[in-house]
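Text of data.txt (compact mmCIF, C-alpha atoms) as supplied:
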# COMPACT_ATOMS: atom_id res chain seq x y z
CA MET A 1 91.40 42.83 162.69
CA ASN A 2 88.83 40.99 160.68
CA ASN A 3 86.53 40.74 163.63
CA ALA A 4 86.36 44.45 164.31
CA ASN A 5 85.88 45.28 160.64
CA GLY A 6 83.09 42.78 160.31
CA LEU A 7 81.37 44.05 163.43
CA LEU A 8 81.43 47.57 162.09
CA VAL A 9 79.83 46.50 158.82
CA ILE A 10 77.07 44.60 160.59
CA LEU A 11 76.37 47.49 162.96
CA LEU A 12 76.36 49.96 160.11
CA THR A 13 73.81 47.97 158.15
CA LEU A 14 71.63 47.71 161.26
CA VAL A 15 71.87 51.45 161.90
CA VAL A 16 70.83 52.20 158.32
CA ALA A 17 67.91 49.79 158.70
CA LEU A 18 66.82 51.55 161.91
CA TRP A 19 67.03 54.88 160.16
CA LEU A 20 64.88 53.59 157.31
CA SER A 21 62.29 52.38 159.80
CA ILE A 22 61.52 55.91 160.96
CA VAL A 23 62.16 57.97 157.85
CA PRO A 24 58.91 59.87 157.11
CA LEU A 25 56.77 58.40 154.36
CA PRO A 26 53.90 60.08 152.49
CA LEU A 27 50.40 59.41 153.79
CA TRP A 28 49.43 56.91 151.11
CA ALA A 29 52.48 54.75 151.87
CA GLN A 30 51.98 54.66 155.64
CA TRP A 31 50.82 51.06 155.75
CA GLY A 32 53.37 49.72 153.29
CA ARG A 33 56.67 50.40 155.02
CA PRO A 34 58.93 47.36 154.54
CA GLU A 35 60.41 45.89 157.70
CA PHE A 36 64.04 46.74 157.02
CA VAL A 37 65.24 46.00 160.53
CA ALA A 38 63.75 42.51 160.52
CA MET A 39 65.09 41.78 157.03
CA VAL A 40 68.63 42.91 157.77
CA ALA A 41 68.65 41.04 161.07
CA LEU A 42 67.38 37.89 159.38
CA TYR A 43 70.04 38.17 156.68
CA TRP A 44 72.84 38.38 159.22
CA VAL A 45 71.47 35.50 161.27
CA MET A 46 71.25 33.43 158.10
CA ALA A 47 74.73 34.34 156.88
CA LEU A 48 76.56 34.29 160.22
CA PRO A 49 74.56 32.13 162.61
CA GLU A 50 77.47 31.63 165.04
CA ARG A 51 78.01 35.32 165.39
CA VAL A 52 74.60 36.96 165.20
CA GLY A 53 72.14 35.04 167.33
CA ILE A 54 68.99 35.45 169.35
CA GLY A 55 70.66 37.80 171.84
CA TRP A 56 71.59 40.23 169.10
CA ALA A 57 68.10 40.11 167.64
CA TRP A 58 66.60 40.75 171.06
CA LEU A 59 68.82 43.78 171.72
CA LEU A 60 68.14 45.08 168.24
CA GLY A 61 64.43 44.76 168.91
CA LEU A 62 64.76 46.79 172.09
CA VAL A 63 66.64 49.51 170.24
CA GLN A 64 63.96 49.50 167.56
CA ASP A 65 61.30 49.90 170.24
CA ILE A 66 63.11 52.91 171.66
CA VAL A 67 63.58 54.50 168.26
CA GLU A 68 60.06 53.82 166.97
CA GLY A 69 58.33 54.54 170.25
CA SER A 70 56.36 51.31 170.32
CA VAL A 71 55.60 49.24 173.40
CA PHE A 72 58.93 48.34 175.00
CA GLY A 73 59.62 44.70 174.19
CA GLU A 74 57.30 44.43 171.16
CA HIS A 75 59.89 44.21 168.41
CA ALA A 76 62.32 42.47 170.76
CA LEU A 77 59.89 39.58 171.11
CA ALA A 78 59.15 39.40 167.39
CA LEU A 79 62.83 39.55 166.35
CA ALA A 80 63.88 36.98 168.95
CA VAL A 81 61.27 34.52 167.66
CA LEU A 82 62.30 35.17 164.06
CA ALA A 83 65.99 34.70 164.89
CA TYR A 84 65.16 31.41 166.53
CA LEU A 85 63.32 30.21 163.42
CA VAL A 86 66.16 31.22 161.13
CA LEU A 87 68.72 29.55 163.41
CA ILE A 88 66.83 26.29 163.02
CA LEU A 89 66.36 26.64 159.28
CA TYR A 90 69.42 28.51 158.05
CA GLN A 91 71.09 25.55 156.36
CA ARG A 92 68.01 25.02 154.23
CA MET A 93 67.43 28.70 153.63
CA ARG A 94 70.88 29.17 152.22
CA MET A 95 70.12 26.55 149.56
CA PHE A 96 66.95 28.24 148.36
CA THR A 97 66.70 30.28 145.21
CA PRO A 98 66.00 33.99 145.77
CA LEU A 99 62.36 33.45 144.92
CA GLN A 100 61.97 30.68 147.47
CA GLN A 101 63.80 32.76 150.03
CA ALA A 102 61.44 35.65 149.35
CA ALA A 103 58.49 33.35 150.01
CA VAL A 104 59.99 32.27 153.34
CA ILE A 105 60.69 35.90 154.21
CA PHE A 106 57.06 36.69 153.45
CA LEU A 107 55.99 34.12 156.02
CA PHE A 108 58.55 35.26 158.56
CA ILE A 109 57.74 38.95 158.28
CA GLY A 110 54.06 38.03 158.36
CA LEU A 111 54.71 36.30 161.66
CA HIS A 112 56.63 39.37 162.84
CA GLN A 113 53.67 41.59 162.00
CA LEU A 114 51.25 39.23 163.73
CA LEU A 115 53.32 39.23 166.90
CA CYS A 116 53.67 43.01 166.86
CA ASN A 117 49.95 43.43 166.28
CA TRP A 118 49.24 41.07 169.17
CA VAL A 119 51.42 43.08 171.54
CA GLN A 120 49.82 46.29 170.31
CA ALA A 121 46.41 44.77 171.00
CA LEU A 122 47.49 44.47 174.63
CA SER A 123 47.81 48.23 174.75
CA GLY A 124 44.61 48.81 172.80
CA ASN A 125 46.13 49.82 169.49
CA SER A 126 45.56 46.80 167.28
CA SER A 127 44.72 47.05 163.61
CA THR A 128 41.09 46.65 162.55
CA SER A 129 41.87 45.50 159.01
CA LEU A 130 44.38 43.04 157.59
CA LEU A 131 46.39 45.93 156.18
CA PHE A 132 49.03 45.43 158.87
CA LEU A 133 50.22 42.41 156.86
CA LEU A 134 51.07 44.53 153.82
CA PRO A 135 54.68 45.13 154.96
CA ALA A 136 55.22 41.37 154.74
CA LEU A 137 54.42 41.41 151.03
CA ILE A 138 56.53 44.47 150.30
CA SER A 139 59.45 43.12 152.32
CA ALA A 140 59.28 39.84 150.44
CA LEU A 141 59.39 41.70 147.13
CA LEU A 142 62.41 43.70 148.27
CA TRP A 143 64.23 40.73 149.75
CA PRO A 144 66.18 39.50 146.67
CA LEU A 145 67.63 42.96 146.12
CA LEU A 146 68.44 43.48 149.78
CA ALA A 147 70.04 40.06 150.16
CA LEU A 148 72.19 40.74 147.11
CA LEU A 149 73.28 44.10 148.47
CA LEU A 150 74.15 42.68 151.87
CA ARG A 151 75.98 39.75 150.30
CA VAL A 152 78.12 42.14 148.26
CA LEU A 153 78.88 44.09 151.45
CA ARG A 154 79.67 40.94 153.37
CA ARG A 155 82.01 39.60 150.73
CA SER A 156 83.86 42.80 149.99
CA TYR A 157 84.54 43.49 153.66
CA PHE A 158 85.25 39.87 154.59
CA VAL A 159 82.70 39.82 157.35
CA ARG A 160 82.99 36.50 159.11
CA MET B 1 104.15 24.00 158.36
CA LEU B 2 105.26 27.56 158.81
CA THR B 3 102.68 30.23 158.35
CA THR B 4 103.02 33.93 158.85
CA ASP B 5 99.31 34.64 159.00
CA LYS B 6 96.89 33.24 161.51
CA GLU B 7 95.02 30.40 159.82
CA PRO B 8 91.26 30.70 159.68
CA SER B 9 89.95 28.51 162.47
CA ILE B 10 87.46 25.71 161.88
CA LYS B 11 84.04 26.82 162.99
CA PRO B 12 82.76 24.53 165.71
CA LEU B 13 79.63 22.57 164.92
CA PHE B 14 78.40 22.68 168.47
CA VAL B 15 78.37 26.13 169.99
CA LYS B 16 78.92 26.27 173.73
CA GLY B 17 76.38 27.81 175.98
CA PRO B 18 72.65 27.44 176.45
CA SER B 19 70.72 25.94 173.57
CA ILE B 20 68.91 28.32 171.27
CA GLY B 21 65.58 27.06 172.51
CA ALA B 22 66.49 27.92 176.07
CA ARG B 23 67.74 31.33 174.98
CA LEU B 24 64.51 32.02 173.14
CA LEU B 25 62.45 30.99 176.13
CA VAL B 26 64.34 33.22 178.55
CA LEU B 27 64.41 36.23 176.23
CA SER B 28 60.77 35.98 175.24
CA LEU B 29 59.73 35.66 178.88
CA LEU B 30 61.78 38.75 179.57
CA CYS B 31 60.02 40.53 176.71
CA LEU B 32 56.60 39.59 178.04
CA LEU B 33 57.66 40.81 181.46
CA LEU B 34 58.76 44.15 180.00
CA ILE B 35 55.52 44.48 178.06
CA PHE B 36 53.27 43.74 181.03
CA ALA B 37 55.34 45.81 183.43
CA GLY B 38 55.23 48.73 181.03
CA GLN B 39 51.45 48.48 180.85
CA ARG B 40 50.55 48.05 184.49
CA TYR B 41 53.29 49.92 186.28
CA HIS B 42 55.33 52.95 185.49
CA TRP B 43 58.74 51.66 186.58
CA LEU B 44 59.97 51.79 183.02
CA GLU B 45 59.22 55.48 182.55
CA LEU B 46 62.37 56.77 184.19
CA PHE B 47 64.50 54.20 182.42
CA GLU B 48 62.89 54.92 179.08
CA SER B 49 63.42 58.65 179.36
CA ARG B 50 67.14 58.16 180.01
CA VAL B 51 67.54 55.57 177.32
CA SER B 52 65.52 57.46 174.71
CA VAL B 53 68.53 59.70 174.11
CA ILE B 54 69.99 57.00 171.84
CA ALA B 55 67.11 57.61 169.47
CA ALA B 56 68.10 61.27 169.05
CA PRO B 57 70.68 60.72 166.26
CA PHE B 58 68.14 58.63 164.31
CA TYR B 59 65.55 61.39 164.48
CA TRP B 60 68.17 63.90 163.40
CA VAL B 61 69.16 61.78 160.40
CA ALA B 62 65.58 60.89 159.48
CA ASN B 63 64.72 64.56 159.52
CA ALA B 64 67.71 65.50 157.36
CA PRO B 65 66.13 65.10 153.90
CA ALA B 66 63.17 67.28 154.86
CA ARG B 67 65.46 69.90 156.40
CA LEU B 68 67.64 69.90 153.31
CA LEU B 69 64.63 70.45 151.07
CA ARG B 70 63.40 73.30 153.24
CA TRP B 71 66.81 74.93 153.31
CA GLY B 72 67.00 74.57 149.54
CA SER B 73 63.60 76.11 148.93
CA ASP B 74 64.31 78.90 151.41
CA SER B 75 67.62 79.74 149.76
CA ALA B 76 66.05 79.66 146.32
CA GLN B 77 63.40 82.22 147.17
CA SER B 78 63.80 85.44 145.29
CA ARG B 79 64.26 88.74 147.07
CA ALA B 80 60.89 89.92 145.76
CA GLN B 81 59.15 86.92 147.31
CA LEU B 82 60.83 87.54 150.65
CA ILE B 83 59.84 91.22 150.64
CA GLU B 84 56.24 90.30 149.86
CA GLU B 85 56.17 87.64 152.57
CA ASN B 86 57.60 90.13 155.02
CA ALA B 87 54.89 92.67 154.18
CA GLN B 88 52.16 90.04 154.63
CA MET B 89 53.48 89.08 158.03
CA ARG B 90 53.59 92.72 159.12
CA VAL B 91 49.92 93.13 158.23
CA GLU B 92 49.02 89.92 160.08
CA THR B 93 50.94 90.99 163.17
CA LEU B 94 49.20 94.35 163.14
CA LEU B 95 45.78 92.70 162.97
CA LEU B 96 46.63 90.29 165.79
CA ARG B 97 47.97 93.11 167.96
CA GLY B 98 44.77 95.03 167.37
CA LYS B 99 42.73 92.08 168.60
CA ALA B 100 45.04 91.59 171.56
CA GLN B 101 44.43 95.17 172.77
CA ARG B 102 40.95 94.21 173.77
CA LEU B 103 42.34 91.08 175.44
CA ALA B 104 44.17 92.98 178.16
CA SER B 105 41.08 94.88 179.26
CA LEU B 106 38.92 91.74 179.02
CA GLU B 107 41.33 89.87 181.24
CA ALA B 108 41.30 92.63 183.82
CA GLU B 109 37.49 92.66 183.78
CA ASN B 110 37.49 88.87 184.19
CA VAL B 111 39.71 89.13 187.27
CA ARG B 112 37.43 91.79 188.80
CA LEU B 113 34.28 89.76 188.15
CA ARG B 114 35.86 86.65 189.63
CA GLU B 115 36.81 88.60 192.75
CA LEU B 116 33.23 89.80 193.03
CA LEU B 117 32.04 86.21 192.92
CA ASN B 118 34.74 85.14 195.38
CA SER B 119 36.25 82.74 192.82
CA SER B 120 39.99 82.19 192.49
CA ALA B 121 41.72 84.23 189.78
CA LEU B 122 42.95 82.60 186.58
CA LEU B 123 46.60 83.07 185.74
CA ASP B 124 48.12 83.35 182.30
CA ASP B 125 49.63 80.33 180.63
CA SER B 126 53.12 80.71 179.22
CA VAL B 127 54.12 78.91 176.05
CA LEU B 128 57.30 77.53 174.54
CA VAL B 129 57.82 76.91 170.83
CA ALA B 130 59.03 73.48 169.77
CA GLU B 131 59.59 71.79 166.44
CA LEU B 132 58.32 68.41 165.35
CA ILE B 133 61.23 66.12 164.48
CA SER B 134 59.56 62.79 163.97
CA VAL B 135 56.22 61.08 163.62
CA SER B 136 55.50 57.56 164.82
CA PRO B 137 55.97 55.15 161.91
CA ASN B 138 53.06 53.04 163.13
CA PRO B 139 49.92 54.39 161.41
CA LEU B 140 47.79 53.26 164.35
CA GLN B 141 49.78 55.20 166.90
CA HIS B 142 49.41 58.94 166.65
CA GLN B 143 52.54 60.10 168.37
CA ILE B 144 55.01 62.82 167.54
CA VAL B 145 58.49 63.62 168.75
CA ILE B 146 59.46 67.21 169.48
CA ASN B 147 62.87 68.69 169.99
CA LYS B 148 62.50 69.95 173.55
CA GLY B 149 63.28 67.85 176.59
CA ALA B 150 63.59 67.85 180.33
CA SER B 151 66.20 70.59 180.13
CA GLU B 152 63.52 73.07 179.02
CA GLY B 153 61.25 72.15 181.88
CA LEU B 154 58.86 69.81 180.10
CA TYR B 155 56.82 67.42 182.18
CA ILE B 156 54.65 64.41 181.48
CA GLY B 157 51.06 65.42 180.82
CA GLN B 158 51.95 68.84 179.47
CA PRO B 159 49.51 70.04 176.80
CA ILE B 160 50.61 70.84 173.27
CA ILE B 161 48.80 73.26 171.00
CA ASP B 162 49.34 74.60 167.55
CA ALA B 163 48.10 77.80 165.99
CA GLN B 164 44.58 76.46 165.50
CA GLY B 165 43.85 74.30 168.49
CA LEU B 166 44.79 71.65 170.99
CA MET B 167 47.05 68.92 169.65
CA GLY B 168 47.79 66.52 172.46
CA GLN B 169 49.88 65.92 175.56
CA ILE B 170 53.42 64.89 176.38
CA ILE B 171 53.77 61.25 177.40
CA GLU B 172 57.53 60.78 177.60
CA VAL B 173 60.23 63.28 178.43
CA GLY B 174 63.85 62.62 177.49
CA PRO B 175 66.88 64.81 178.01
CA LEU B 176 66.87 66.19 174.45
CA HIS B 177 63.50 65.40 173.00
CA SER B 178 60.04 64.35 174.10
CA ARG B 179 57.21 62.26 172.80
CA ALA B 180 53.63 63.48 172.61
CA LEU B 181 50.33 61.69 172.08
CA LEU B 182 47.90 63.37 169.71
CA ILE B 183 44.22 63.77 170.53
CA THR B 184 43.24 61.54 167.61
CA ASP B 185 45.07 58.50 168.96
CA ALA B 186 42.69 55.69 169.86
CA SER B 187 43.85 55.70 173.49
CA HIS B 188 43.33 59.42 174.12
CA ALA B 189 40.28 61.10 175.62
CA LEU B 190 39.85 64.74 176.52
CA PRO B 191 37.15 66.59 178.48
CA VAL B 192 35.51 69.22 176.30
CA GLN B 193 32.57 71.56 176.46
CA ILE B 194 30.49 73.14 173.74
CA ASN B 195 31.43 76.79 173.37
CA ARG B 196 27.86 77.88 172.72
CA ASN B 197 26.11 76.48 175.77
CA GLY B 198 28.73 74.93 178.07
CA VAL B 199 27.45 71.36 177.74
CA ARG B 200 30.25 69.01 178.80
CA SER B 201 31.40 65.83 177.12
CA ILE B 202 34.50 63.76 176.46
CA ALA B 203 36.13 63.69 173.02
CA GLU B 204 37.88 60.43 172.28
CA GLY B 205 40.32 59.69 169.49
CA THR B 206 39.43 57.02 166.99
CA GLY B 207 42.76 56.33 165.33
CA LEU B 208 41.65 58.31 162.28
CA LEU B 209 43.47 61.53 161.66
CA HIS B 210 40.42 63.74 161.14
CA GLU B 211 37.85 62.30 163.47
CA LEU B 212 37.10 62.52 167.16
CA VAL B 213 34.06 60.90 168.62
CA LEU B 214 31.95 62.04 171.56
CA ARG B 215 30.58 59.09 173.39
CA HIS B 216 27.64 58.86 175.75
CA VAL B 217 25.91 61.96 174.47
CA ALA B 218 22.22 61.74 175.32
CA ALA B 219 19.81 62.12 172.43
CA SER B 220 18.22 65.14 174.09
CA THR B 221 21.50 67.08 174.36
CA ASP B 222 21.58 70.45 172.68
CA ILE B 223 24.38 69.84 170.20
CA ARG B 224 24.46 70.79 166.54
CA VAL B 225 26.71 70.39 163.52
CA GLY B 226 29.14 73.30 163.48
CA ASP B 227 29.41 73.66 167.26
CA ILE B 228 32.88 74.52 168.48
CA LEU B 229 34.25 72.27 171.20
CA VAL B 230 36.73 73.79 173.64
CA SER B 231 38.64 72.16 176.45
CA SER B 232 36.71 72.34 179.71
CA GLY B 233 39.66 72.17 182.09
CA LEU B 234 38.12 69.32 184.06
CA GLY B 235 40.62 66.59 184.83
CA GLN B 236 43.32 69.17 185.61
CA ARG B 237 45.33 68.18 182.58
CA PHE B 238 44.38 70.52 179.76
CA PRO B 239 43.82 74.20 180.54
CA ALA B 240 40.31 75.42 179.87
CA GLY B 241 39.29 77.42 176.84
CA TYR B 242 41.49 76.07 174.05
CA PRO B 243 39.63 75.06 170.86
CA VAL B 244 39.63 71.34 170.24
CA ALA B 245 37.29 70.42 167.41
CA VAL B 246 34.25 71.30 165.37
CA VAL B 247 31.23 68.99 165.39
CA THR B 248 30.72 67.45 161.95
CA GLU B 249 27.97 64.90 162.48
CA VAL B 250 25.13 64.39 164.94
CA THR B 251 23.05 61.28 164.33
CA ASN B 252 20.10 60.44 166.53
CA ASP B 253 19.23 56.82 165.99
CA PRO B 254 16.11 55.93 168.03
CA GLY B 255 17.40 52.37 168.44
CA GLN B 256 20.66 53.50 170.04
CA PRO B 257 20.85 54.61 173.67
CA PHE B 258 23.14 57.53 172.80
CA ALA B 259 23.53 59.89 169.88
CA ILE B 260 26.43 59.41 167.52
CA VAL B 261 28.47 62.61 167.48
CA LYS B 262 31.62 63.06 165.43
CA ALA B 263 33.94 66.05 165.39
CA SER B 264 36.87 67.16 163.32
CA PRO B 265 39.96 68.45 165.20
CA SER B 266 40.79 72.13 164.71
CA ALA B 267 44.53 71.70 164.96
CA ALA B 268 46.39 70.86 161.74
CA LEU B 269 47.59 67.56 163.20
CA ASN B 270 49.38 66.24 160.14
CA ARG B 271 50.68 69.56 158.82
CA SER B 272 51.98 71.60 161.77
CA ARG B 273 55.69 71.67 162.08
CA HIS B 274 55.91 74.11 164.96
CA VAL B 275 53.98 73.44 168.14
CA LEU B 276 53.53 75.34 171.38
CA LEU B 277 54.00 73.80 174.78
CA VAL B 278 51.70 75.24 177.40
CA PHE B 279 53.02 75.78 180.90
CA SER B 280 49.72 75.96 182.67
CA HIS B 281 49.60 78.04 185.79
CA GLY B 282 45.99 77.18 186.46
CA SER B 283 44.22 79.14 189.13
CA ALA B 284 45.90 80.91 192.02
CA GLN B 285 44.31 78.72 194.66
CA ASN B 286 44.76 75.32 193.01
CA ARG B 287 48.37 75.77 192.00
CA GLU B 288 50.61 73.11 193.57
Could you render the structure as structure tokens?
Amino acid sequence: MNNANGLLVILLTLVVALWLSIVPLPLWAQWGRPEFVAMVALYWVMALPERVGIGWAWLLGLVQDIVEGSVFGEHALALAVLAYLVLILYQRMRMFTPLQQAAVIFLFIGLHQLLCNWVQALSGNSSTSLLFLLPALISALLWPLLALLLRVLRRSYFVR
Amino acid sequence: MLTTDKEPSIKPLFVKGPSIGARLLVLSLLCLLLIFAGQRYHWLELFESRVSVIAAPFYWVANAPARLLRWGSDSAQSRAQLIEENAQMRVETLLLRGKAQRLASLEAENVRLRELLNSSALLDDSVLVAELISVSPNPLQHQIVINKGASEGLYIGQPIIDAQGLMGQIIEVGPLHSRALLITDASHALPVQINRNGVRSIAEGTGLLHELVLRHVAASTDIRVGDILVSSGLGQRFPAGYPVAVVTEVTNDPGQPFAIVKASPSAALNRSRHVLLVFSHGSAQNRE
């Protein structure tokens, strides 16, 4: 009973994150879209490392590629690498204050953006400026709020 | 100890199965394989078109706020506004029909002249209206998603136009929706010719929304600012004669081997909501 409930909550948060990744933004905000999918995935890997692992992150990345229309495998690679890093570091990350966690998230999402940009360079679409790293900053700023929200969800629905 | 509920089990410290490092290695190799296979070969195309149907609900939901706003503003329009809009559209239709009268006789004359020259006759293109339901979230990738799919007869490579000019071509066809690449994407190039004198060139996208660049234009070419570029039909992908862009800059630097020519696309690439899909019938002899 608990299992199914928890699964539904996790999937729902991921679906909302996927939706947010393609919702249309005004032209001036095009470069600053926070990486909701990566953040939500990282939160669940950090909170439930035995349940949500690299395989989940990889599948989620593939779904994100299909939804966003990017090179197939681009986000899958980035999310798998990020999940691996969080699986190694989750015990420490849980002990951090929100500010320290935000700093770590900044580095992680920065790595995510770098990997995605690298894969895009393979298909000739890489960024000419460093603006592709802006989502890392915005995601880091949003992280404390998002982590709080997801923690409230996790606790109230007993996701384990 | 009697318990009626199942006790929460102790989480094992060591999870069974391959280590996370091994999992990462296998999955990332798989990713790299998918990426390279997608680039070099087209095996993934069929798979992607089937699988892209799972993205349909996301596009529908992502489009919902915009649809709601439009419905709201439509419902809130006063009767007077609607009557006025109706009258304007009637006038516009009348003007367009007037212009189209000449079109029929011009087409017939064109067919007769081509017969005289022993050329193959050109057939009419038919069009299908589609609506834009999503734009690629990556600002470097100029791709759009439209709400028509394989069920309406779309095919890969099909040209898309809007009311003002050529917009792009279809690159992925799913059952319910399709993905199109715009002409301003950095990986797109399109054969054009200058309307005034028929000089041919290739217009490439730069990744900027309002700029196309013509490469390898010799300094002695007769090209001026304000020239209209139309599709030349070479390359068998885009039908000939559709407006593409207007030349905005011609710079002849003596130190450069070629002139620097920039053009601005005619189509309203970031504003059009309705697009037309062209079913090109080409010429009677070359039709497959």
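Distances here use only C-alpha atoms; by that measure, the residue among A:Leu142, A:Tyr84, A:Leu150, A:Gly124 closest to Ala22 (chain B) is A:Tyr84.
When all atoms listed in the file are used to measure the gap to Arg94 (chain A), the shortest distance among A:Leu115, A:Leu107, A:Leu122, A:Leu48 belongs to A:Leu48.
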Problem - Minimum-distance residue to chain A, chosen among B:His142, B:Arg90, B:Lys262, B:Arg224 (using only C-alpha atoms) - result: B:His142
Handout entry: From A:Thr97, A:Ala47, A:Leu137, A:Ser123, residue lying nearest Ile10 (chain A) [all atoms listed in the file]
Key =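 Closest to Ile10 (chain A) of all the choices is A:Ala47.
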Handout entry: Interatomic distance (Å, one decimal) between CA of Pro265 (chain B) and CA of Ile171 (chain B)
Key = 19.8 Å
Practice task
Compare A:Leu153, A:Val86, A:Leu111, A:Leu146 by their minimum atom-to-atom distance to chain B, counting all atoms listed in the file, and give me the closest one.
Solution key: A:Val86
Exercise for the section: Go through A:Cys116, A:Val67, A:Leu77, A:Met39 and flag the residue nearest Ile54 (chain A), using all atoms listed in the file for the distances. Expected result: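 The closest residue to Ile54 (chain A) is A:Leu77.
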Handout entry: Counting all atoms listed in the file, chain B residues within 8 Å of chain A, as a ChimeraX atom specification
Key = /B:15,20-21,23-24,27-28,31-32,34-35,38-39,48,51-52,54-55,58-59,61-63,134-141,186-187
Problem - Distance in Å - CA of Thr93 (chain B) versus CA of Asp162 (chain B) - result: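 These two atoms are separated by 17.0 Å.
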Handout entry: Å distance separating CA of Arg196 (chain B) from CA of Leu229 (chain B), one decimal place
Key =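 A separation of 8.6 Å between them.
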Counting all atoms listed in the file, find residues at most 9 Å from (45.6, 64.7, 171.7) (file frame) and give them as a CSV table (one decimal) with C-alpha atoms, in the frame of the given file.
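Writing the result to out07.csv gives the following:
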chain,number,residue,atom,x,y,z
B,142,HIS,CA,49.4,58.9,166.6
B,143,GLN,CA,52.5,60.1,168.4
B,159,PRO,CA,49.5,70.0,176.8
B,160,ILE,CA,50.6,70.8,173.3
B,166,LEU,CA,44.8,71.6,171.0
B,167,MET,CA,47.0,68.9,169.6
B,168,GLY,CA,47.8,66.5,172.5
B,169,GLN,CA,49.9,65.9,175.6
B,180,ALA,CA,53.6,63.5,172.6
B,181,LEU,CA,50.3,61.7,172.1
B,182,LEU,CA,47.9,63.4,169.7
B,183,ILE,CA,44.2,63.8,170.5
B,184,THR,CA,43.2,61.5,167.6
B,185,ASP,CA,45.1,58.5,169.0
B,188,HIS,CA,43.3,59.4,174.1
B,189,ALA,CA,40.3,61.1,175.6
B,190,LEU,CA,39.8,64.7,176.5
B,204,GLU,CA,37.9,60.4,172.3
B,205,GLY,CA,40.3,59.7,169.5
